[in-house]
Amino acid sequence: MARTVVQLSGHIIDSLILPKVLDLIIGLGAEFQILDIQVGHRRPDRSDAKILIEAPSAEMLEQVLAKIKEHGAVPLDEGEPARFQPAPADGIFPENFYATTNLRTWVRIQENWLEVQPVEMDCGVRVDTAGMRAEALPIHKARKGDLIVTGQHGIKIAPIERQMPHETFEFMSSPVSAEQPKGLLVREIAESMKNVRREKGKILVVAGPGLVHTGASAYLVEMIEKNFVQTLFAGNGLAVHDIESALYGTSLGVYLDKKLRASEGHEHHLWAINKIRGAGGIRQAVEQGLLTKGIFHACVKNGVDFLLAGSIRDDGPLPDVITDTLRAQDLMREKIRSVGLVLMMATTLHAIATGNLLPASVKTVCVDINPAVVTKLTDRGTFQAVGLVTDVEPFLRELCGYL
Amino acid sequence: MRLPLIEAAGGVATRNSKREKTMILLMCPPLYYGIEYEINPWMSRSRQTDPQVAQQQWRSLYRLLQDDLQVEIALVEPRPGLPDMVFTANAGLAWNNKFISSNFRHEVRRGESIHFDNWFQARGYEILHFPEQSYFEGEGDMLMCGDLWFAGYHIRSDIHSHQRVSEIVQGEVLSLELTDDWFYHLDTCFCPLSNNQAIYYPPAFDGYALNVLEHHIGTLIAVTEDEARRFACNAIVVEKNVVINDGCPEIRAQLEAIGFSVFEIPLSEFIKAGGSAKCLALKVPRA
């Protein structure tokens with residue numbers, strides 16, 4: 001989706017130029033929104049309209065602009081450069097800095113539109129006027145003197161392309177509801193995953209410990225072994241419960257196959273942490289033959305790039321857990337490059353953390369038993385998000401059946 | 001203001017004006033007129049004009065306007081290499097003490113501007129130019145009907161020029177899209193007769209433009225295709241008199257029925273270049 005704002009001025013109402021331009025926009029397959037209109041009061045007074053145009057592609061937008069220019073509509077702010085100011089100190093942006101969205105963005109510097117890279121929301125934009133580069137920068141990475149874009153001038157963003165209504169990841173696809181039929185949706189998600197892999201894209205799984213509690217680990221392992229998972233983001237919890245389950249057959253002391261509490265079972269997850277700490281880490285535990293099954297075993301054996309980000313309530317944690325939050329964020333940023341689809345399952349914090357880093361163009365599937373979590377994740381401006389309110393185990397079971 | 005007489009190269013001179021209250025028309029004798037290039041579908045270098053016939057037709061128009069209709073005529077001196085200078089209506093738009101000089105779309109006509117600018121400047125007009133890319137072809141695309149300006153665009157003038165004109169004349173300018181290359185200027189397909197009457201050739205406009213015309217003008221008389229192609233709309237209106245190319249009996253009858261006197265003048269040599277009576281004269285307001 002490409003968009004821009006045009007201005008149309010003159011006696012555009014009496015001469016029917018305004019309706020003509022709007023008809024042309026629609027006729028060429030784009031859409032419009034009148035952002036502002038000032039109607040002249042006296043005969044000689046001109047009227048002015050600001051019109052937002054959205055087209056499915058940049059090429060179509062150019063066609064529309066070329067056509068409506070003949071009727072007097074000219075792009076607004078074309079040529080007006082972006083403004084920027086130096087960061088006053090390390091880790092601080094100048095006042096009134098421009099905050100990014102999760103959409104493709106360009107800033108106008110010295111007569112050029114530079115694309116801001118990477119696409120990440122809630123960042124500032126650092127410009128390198130010598131190298132003609134524009135970079136989305138998290139606030140903590142600002143260095144004193146960095147030139148940071150301020151205000152709204154000379155900035156344009158391209159909303160995500162709206163897809164055909166029959167596609168699963170359609171614009172604001174479906175209201176999050178436990179009642180919606182899921183069978184077709186799950187099959188379409190499976191098709192999307194196959195498409196991503198066919199095009200050599202990466203699939204990222206973000207998962208919480210509920211995945212282990214509900215007994216869905218085996219399906220995730222199956223997906224890993226079938227090469228449908230390239231990256232895994234989680235916290236200490238998922239890894240600890242997975243490893244506890246692998247070592248003791250319990251998750252938080254409950255036998256997953258019998259639904260019975262194990263004697264002294266509450267100690268199992270702490271013993272699991274202790275064993276992995278003793279081995280030096282998950283990879284080492286696998287190499288030493290200590291960890292022989294489960295999700296993380298499969299990750300090590302199949303070369304899945306996993307990242308465990310720590311939090312304040314973690315037990316242990318495992319040696320693999322990155323306890324420096326900013327460092328974890330930075331590593332996540334690197335690992336989401338070239339991700340084509342994200343499965344977020346049974347996790348709130350890690351899913352939101354990942355969602356904040358993702359461009360809106362990445363297809364995202366959020367699965368949680370709690371509708372509030374799914375709503376929160378699908379409502380963050382990601383156009384290509386599908387939300388499913390369901391237990392994760394039946395979802396993964398069905399998904400694996402289609403893969 | 002009174003315009004000084006100019007001794008035209010063609011031997012024709014302006015004389016006393018007897019109808020000062022109406023208008024002055026600026027004309028250019030067809031001394032160097034001919035088809036030297038092709039910038040509209042009418043023009044073909046293989047279908048040349050006959051210079052003698054052209055001069056004779058022009059003189060007939062001149063005499064009709066001056067002697068019979070008693071219009072004051074002013075002349076601009078023709079220049080070699082600028083065959084279309086004869087179509088003075090395209091030179092610009094004169095309004096109060098300002099002359100909005102045309103910004104011709106075609107390079108071959110741009111040389112005309114300096115001569116018209118000089119003519120108006122010598123008579124105390126402020127000369128206004130538009131930016132290079134804002135094409136504007138004067139009265140050819142800008143006609144007043146009542147207190148509204150109707151302006152053609154898309155083939156010669158571009159719509160951006162209309163707003164500039166509106167600011168200068170302090171009036172409402174309604175832009176009309178022209179869609180037929182054979183009727184490339186508004187004055188080839190539309191002619192105001194009075195404050196609320198006009199003749200027009202509907203197929204030359206897009207649907208929006210037709211709606212605008214129908215909405216703002218009380219009486220619109222459509223001309224037939226045959227007569228539109230004989231430049232029936234390219235008429236000079238002097239009060240209740242209409243001067244047009246000959247061979248337009250239908251519009252003649254319609255105009256006479258509503259009280260106009262119609263004067264037909266053979267102007268076939270000018271139609272070869274895509275112009276007729278109206279194109280040969282530019283209105284000059286009295287200061």
# chains A, B, ... in the order shown; residues from 1 in each chain; ligands from 1
$ residues_around --residues "stretch 126-135 of chain B" --least-positions-apart "3" --cutoff "7 Å" --atoms "only C-alpha atoms" --output "PyMOL selection string"
chain B and resi 97-101+103-105+117+121+156-158+160-161
$ residues_around --residues "stretch 249-254 of chain B" --least-positions-apart "2" --cutoff "12 Å" --atoms "only C-alpha atoms" --output "compact mmCIF listing (two decimals) with N, CA and C atoms, in the first residue's frame"
# COMPACT_ATOMS: atom_id res chain seq x y z
N ALA B 198 -25.31 31.05 -24.35
CA ALA B 198 -24.07 30.67 -25.05
C ALA B 198 -24.39 29.58 -26.07
N ILE B 199 -23.53 29.47 -27.07
CA ILE B 199 -23.61 28.32 -27.96
C ILE B 199 -22.42 27.42 -27.63
N TYR B 200 -22.57 26.14 -27.84
CA TYR B 200 -21.49 25.20 -27.52
C TYR B 200 -21.62 23.94 -28.35
N TYR B 201 -20.52 23.21 -28.38
CA TYR B 201 -20.53 21.92 -29.07
C TYR B 201 -20.28 20.83 -28.01
N THR B 219 -29.32 29.59 -20.99
CA THR B 219 -29.66 29.12 -22.33
C THR B 219 -28.40 28.65 -23.04
N LEU B 220 -28.37 27.36 -23.31
CA LEU B 220 -27.22 26.80 -24.02
C LEU B 220 -27.73 26.23 -25.34
N ILE B 221 -27.14 26.70 -26.41
CA ILE B 221 -27.58 26.21 -27.72
C ILE B 221 -26.48 25.33 -28.29
N ALA B 222 -26.83 24.08 -28.55
CA ALA B 222 -25.83 23.15 -29.07
C ALA B 222 -25.72 23.32 -30.58
N VAL B 223 -24.50 23.29 -31.09
CA VAL B 223 -24.32 23.35 -32.55
C VAL B 223 -24.10 21.92 -33.04
N THR B 224 -24.43 21.69 -34.29
CA THR B 224 -24.27 20.35 -34.86
C THR B 224 -22.79 20.09 -35.12
N GLU B 225 -22.47 18.82 -35.35
CA GLU B 225 -21.08 18.47 -35.61
C GLU B 225 -20.58 19.18 -36.88
N ASP B 226 -21.41 19.17 -37.93
CA ASP B 226 -21.00 19.81 -39.19
C ASP B 226 -20.66 21.27 -38.98
N GLU B 227 -21.53 21.95 -38.25
CA GLU B 227 -21.30 23.39 -38.07
C GLU B 227 -20.20 23.66 -37.04
N ALA B 228 -20.07 22.75 -36.07
CA ALA B 228 -18.94 22.90 -35.12
C ALA B 228 -17.64 22.82 -35.91
N ARG B 230 -17.27 23.70 -38.87
CA ARG B 230 -17.14 24.94 -39.65
C ARG B 230 -16.92 26.12 -38.70
N PHE B 231 -16.58 25.81 -37.46
CA PHE B 231 -16.22 26.81 -36.45
C PHE B 231 -17.37 27.75 -36.07
N ALA B 232 -18.58 27.17 -36.03
CA ALA B 232 -19.75 27.96 -35.64
C ALA B 232 -19.55 28.60 -34.26
N CYS B 233 -18.84 27.87 -33.37
CA CYS B 233 -18.65 28.40 -32.01
C CYS B 233 -17.57 29.48 -31.95
N ASN B 234 -16.77 29.56 -32.97
CA ASN B 234 -15.65 30.51 -32.96
C ASN B 234 -16.14 31.86 -33.50
N ALA B 235 -17.08 32.41 -32.75
CA ALA B 235 -17.79 33.60 -33.23
C ALA B 235 -17.38 34.84 -32.44
N ASN B 241 -25.00 41.20 -32.31
CA ASN B 241 -24.50 40.75 -33.61
C ASN B 241 -23.49 39.62 -33.42
N VAL B 242 -23.59 38.62 -34.29
CA VAL B 242 -22.68 37.49 -34.21
C VAL B 242 -21.98 37.33 -35.57
N VAL B 243 -20.65 37.29 -35.51
CA VAL B 243 -19.87 37.13 -36.75
C VAL B 243 -19.30 35.73 -36.76
N ILE B 244 -19.64 34.95 -37.80
CA ILE B 244 -19.11 33.58 -37.89
C ILE B 244 -18.69 33.26 -39.32
N ASN B 245 -17.99 32.14 -39.40
CA ASN B 245 -17.61 31.61 -40.70
C ASN B 245 -18.90 31.29 -41.49
N ASP B 246 -18.80 31.29 -42.79
CA ASP B 246 -20.02 31.02 -43.56
C ASP B 246 -20.35 29.52 -43.56
N GLY B 247 -21.56 29.22 -44.01
CA GLY B 247 -21.97 27.82 -44.10
C GLY B 247 -22.46 27.23 -42.80
N GLU B 256 -30.87 33.79 -34.89
CA GLU B 256 -31.83 34.82 -35.34
C GLU B 256 -33.15 34.69 -34.59
N ALA B 257 -33.51 33.44 -34.28
CA ALA B 257 -34.77 33.21 -33.57
C ALA B 257 -34.76 33.83 -32.18
N ILE B 258 -33.57 34.01 -31.61
CA ILE B 258 -33.52 34.63 -30.28
C ILE B 258 -33.01 36.07 -30.37
N GLY B 259 -33.12 36.63 -31.56
CA GLY B 259 -32.91 38.07 -31.68
C GLY B 259 -31.52 38.53 -32.05
N PHE B 260 -30.67 37.63 -32.51
CA PHE B 260 -29.33 38.05 -32.91
C PHE B 260 -29.28 38.25 -34.42
N SER B 261 -28.46 39.19 -34.87
CA SER B 261 -28.17 39.32 -36.29
C SER B 261 -26.90 38.55 -36.57
N VAL B 262 -26.91 37.73 -37.58
CA VAL B 262 -25.75 36.88 -37.87
C VAL B 262 -25.07 37.35 -39.15
N PHE B 263 -23.75 37.52 -39.05
CA PHE B 263 -22.96 37.93 -40.22
C PHE B 263 -22.02 36.79 -40.56
N GLU B 264 -22.19 36.23 -41.74
CA GLU B 264 -21.33 35.13 -42.15
C GLU B 264 -20.24 35.67 -43.06
$ closest_atom_pairs --of "chain B" --to "chain A" --cutoff "10 Å" --atoms "only C-alpha atoms" --output "tab-separated table"
residue	atom	partner	partner_atom	distance
B:Asp147	CA	A:Arg43	CA	9.2
B:Leu148	CA	A:Arg43	CA	8.7
B:Phe150	CA	A:Ser15	CA	9.1
B:Ala151	CA	A:Ser15	CA	9.8
B:Tyr153	CA	A:His71	CA	8.5
B:His154	CA	A:Glu70	CA	6.9
B:Asp158	CA	A:Glu70	CA	7.2
B:Ile159	CA	A:Gly72	CA	5.7
B:His160	CA	A:Gly72	CA	5.7
B:Ser161	CA	A:Gly72	CA	9.3
B:His162	CA	A:Gly10	CA	7.8
B:Gln163	CA	A:Gly10	CA	5.4
B:Arg164	CA	A:Gly10	CA	9.0
B:Ser166	CA	A:Pro44	CA	6.9
B:Glu167	CA	A:Pro44	CA	7.5
B:Ile168	CA	A:Pro44	CA	9.9
B:Val169	CA	A:Pro44	CA	8.5
B:Gln170	CA	A:Pro44	CA	5.3
B:Gly171	CA	A:Pro44	CA	4.3
B:Glu172	CA	A:Pro44	CA	4.7
B:Val173	CA	A:His11	CA	6.3
B:Leu174	CA	A:Ser15	CA	4.7
B:Ser175	CA	A:Ser15	CA	5.7
B:Leu176	CA	A:Ser15	CA	7.1
B:Glu177	CA	A:His71	CA	8.4
B:Gly207	CA	A:Lys20	CA	9.4
B:Tyr208	CA	A:Leu16	CA	6.1
B:Ala209	CA	A:Ser15	CA	7.2
B:Leu210	CA	A:Ser15	CA	10.0
B:Asn211	CA	A:Leu16	CA	8.2
B:Val212	CA	A:Ser15	CA	5.9
B:Leu213	CA	A:Ser15	CA	8.9
B:His215	CA	A:Asp14	CA	9.1
B:His216	CA	A:Asp14	CA	8.9
$ select_by_dssp --residues "stretch 264-348 of chain A" --states "strand (DSSP E or B)" --output "NGL selection string"
:A and (305-309 or 321-322 or 339-345)
$ select_by_dssp --residues "stretch 212-286 of chain B" --states "alpha helix (DSSP H)" --output "list in words"
Val212, Leu213, Glu214, His215, His216, Glu225, Asp226, Glu227, Ala228, Arg229, Pro249, Glu250, Ile251, Arg252, Ala253, Gln254, Leu255, Glu256, Ala257, Ser268, Glu269, Phe270 and Ile271 of chain B
$ write_last_selection --atoms "N, CA and C atoms" --output "compact mmCIF listing (two decimals), in the first residue's frame"
# COMPACT_ATOMS: atom_id res chain seq x y z
N VAL B 212 -21.29 21.48 -15.61
CA VAL B 212 -20.98 22.83 -15.14
C VAL B 212 -21.64 23.85 -16.07
N LEU B 213 -21.50 23.65 -17.36
CA LEU B 213 -22.10 24.59 -18.31
C LEU B 213 -23.62 24.63 -18.15
N GLU B 214 -24.21 23.45 -18.05
CA GLU B 214 -25.67 23.39 -17.95
C GLU B 214 -26.16 24.02 -16.65
N HIS B 215 -25.36 23.87 -15.62
CA HIS B 215 -25.76 24.40 -14.32
C HIS B 215 -25.65 25.93 -14.25
N HIS B 216 -24.68 26.49 -14.96
CA HIS B 216 -24.40 27.92 -14.77
C HIS B 216 -24.91 28.82 -15.88
N GLU B 225 -22.47 18.82 -35.35
CA GLU B 225 -21.08 18.47 -35.61
C GLU B 225 -20.58 19.18 -36.88
N ASP B 226 -21.41 19.17 -37.93
CA ASP B 226 -21.00 19.81 -39.19
C ASP B 226 -20.66 21.27 -38.98
N GLU B 227 -21.53 21.95 -38.25
CA GLU B 227 -21.30 23.39 -38.07
C GLU B 227 -20.20 23.66 -37.04
N ALA B 228 -20.07 22.75 -36.07
CA ALA B 228 -18.94 22.90 -35.12
C ALA B 228 -17.64 22.82 -35.91
N ARG B 229 -17.60 21.93 -36.89
CA ARG B 229 -16.39 21.78 -37.70
C ARG B 229 -16.23 22.93 -38.70
N PRO B 249 -25.94 27.38 -41.48
CA PRO B 249 -27.33 27.84 -41.52
C PRO B 249 -28.14 27.48 -40.27
N GLU B 250 -27.84 26.34 -39.66
CA GLU B 250 -28.66 25.93 -38.53
C GLU B 250 -28.47 26.84 -37.33
N ILE B 251 -27.22 27.13 -37.02
CA ILE B 251 -26.99 27.99 -35.85
C ILE B 251 -27.44 29.42 -36.18
N ARG B 252 -27.29 29.76 -37.45
CA ARG B 252 -27.76 31.09 -37.86
C ARG B 252 -29.25 31.24 -37.55
N ALA B 253 -30.01 30.24 -37.95
CA ALA B 253 -31.46 30.30 -37.73
C ALA B 253 -31.78 30.36 -36.23
N GLN B 254 -31.06 29.56 -35.47
CA GLN B 254 -31.33 29.54 -34.02
C GLN B 254 -30.98 30.87 -33.37
N LEU B 255 -29.87 31.47 -33.83
CA LEU B 255 -29.47 32.75 -33.26
C LEU B 255 -30.45 33.85 -33.65
N GLU B 256 -30.87 33.79 -34.89
CA GLU B 256 -31.83 34.82 -35.34
C GLU B 256 -33.15 34.69 -34.59
N ALA B 257 -33.51 33.44 -34.28
CA ALA B 257 -34.77 33.21 -33.57
C ALA B 257 -34.76 33.83 -32.18
N SER B 268 -12.40 30.28 -44.74
CA SER B 268 -11.88 28.94 -45.00
C SER B 268 -10.35 28.85 -44.89
N GLU B 269 -9.64 29.90 -45.27
CA GLU B 269 -8.17 29.84 -45.24
C GLU B 269 -7.64 29.74 -43.82
N PHE B 270 -8.40 30.31 -42.87
CA PHE B 270 -7.95 30.28 -41.47
C PHE B 270 -8.35 28.96 -40.79
N ILE B 271 -9.45 28.39 -41.30
CA ILE B 271 -9.86 27.09 -40.75
C ILE B 271 -8.82 26.02 -41.07
$ residues_around --residues "A:Leu76" --least-positions-apart "6" --cutoff "6 Å" --atoms "only C-alpha atoms" --output "list in words"
Val5, Val6 and Gln7 of chain A
$ residues_around --residues "A:Arg3" --least-positions-apart "3" --cutoff "8 Å" --atoms "only C-alpha atoms" --output "JSON list (two decimals) with N, CA and C atoms, in the first residue's frame"
[["chain", "number", "residue", "atom", "x", "y", "z"],
["A", 52, "LEU", "N", -6.03, 12.58, 0.99],
["A", 52, "LEU", "CA", -5.11, 11.45, 1.20],
["A", 52, "LEU", "C", -5.47, 10.38, 0.18],
["A", 53, "ILE", "N", -4.48, 9.92, -0.54],
["A", 53, "ILE", "CA", -4.72, 8.87, -1.54],
["A", 53, "ILE", "C", -3.98, 7.61, -1.12],
["A", 54, "GLU", "N", -4.67, 6.50, -1.15],
["A", 54, "GLU", "CA", -4.05, 5.22, -0.84],
["A", 54, "GLU", "C", -4.21, 4.32, -2.05],
["A", 55, "ALA", "N", -3.09, 3.78, -2.52],
["A", 55, "ALA", "CA", -3.14, 2.88, -3.67],
["A", 55, "ALA", "C", -2.50, 1.56, -3.26],
["A", 58, "ALA", "N", 2.96, 1.24, -5.17],
["A", 58, "ALA", "CA", 3.60, 2.52, -5.48],
["A", 58, "ALA", "C", 3.39, 2.87, -6.95],
["A", 61, "LEU", "N", 0.00, 4.27, -7.41],
["A", 61, "LEU", "CA", -0.07, 5.61, -6.84],
["A", 61, "LEU", "C", 0.51, 6.62, -7.83],
["A", 156, "LYS", "N", 7.03, 10.42, 4.74],
["A", 156, "LYS", "CA", 5.85, 9.73, 4.22],
["A", 156, "LYS", "C", 5.92, 8.26, 4.59],
["A", 157, "ILE", "N", 4.77, 7.68, 4.82],
["A", 157, "ILE", "CA", 4.71, 6.28, 5.20],
["A", 157, "ILE", "C", 3.78, 5.55, 4.25],
["A", 158, "ALA", "N", 4.05, 4.27, 4.08],
["A", 158, "ALA", "CA", 3.26, 3.45, 3.16],
["A", 158, "ALA", "C", 2.48, 2.43, 3.96],
["A", 159, "PRO", "N", 1.18, 2.62, 4.07],
["A", 159, "PRO", "CA", 0.41, 1.61, 4.80],
["A", 159, "PRO", "C", 0.51, 0.26, 4.10]]
$ residues_around --residues "stretch 186-193 of chain A" --least-positions-apart "3" --cutoff "9 Å" --atoms "only C-alpha atoms" --output "ChimeraX atom specification"
/A:167-169,182-183,196-198,203,228,340-341,363,365,386,395-396,398-403
$ residues_around --residues "A:Ala298" --least-positions-apart "6" --cutoff "9 Å" --atoms "only C-alpha atoms" --output "ChimeraX atom specification"
/A:221-222,224-225,292,304
$ write_last_selection --atoms "C-alpha atoms" --output "PDB file, in the first residue's frame"
ATOM      1  CA  VAL A 221       9.024 -30.526  18.166  1.00  0.00           C
ATOM      2  CA  GLU A 222       7.391 -31.991  15.079  1.00  0.00           C
ATOM      3  CA  ILE A 224      10.931 -28.002  14.279  1.00  0.00           C
ATOM      4  CA  GLU A 225      11.874 -31.357  12.801  1.00  0.00           C
ATOM      5  CA  THR A 292      17.715 -35.981  24.977  1.00  0.00           C
ATOM      6  CA  VAL A 304      16.912 -23.453  15.386  1.00  0.00           C
TER       7      VAL A 304
END
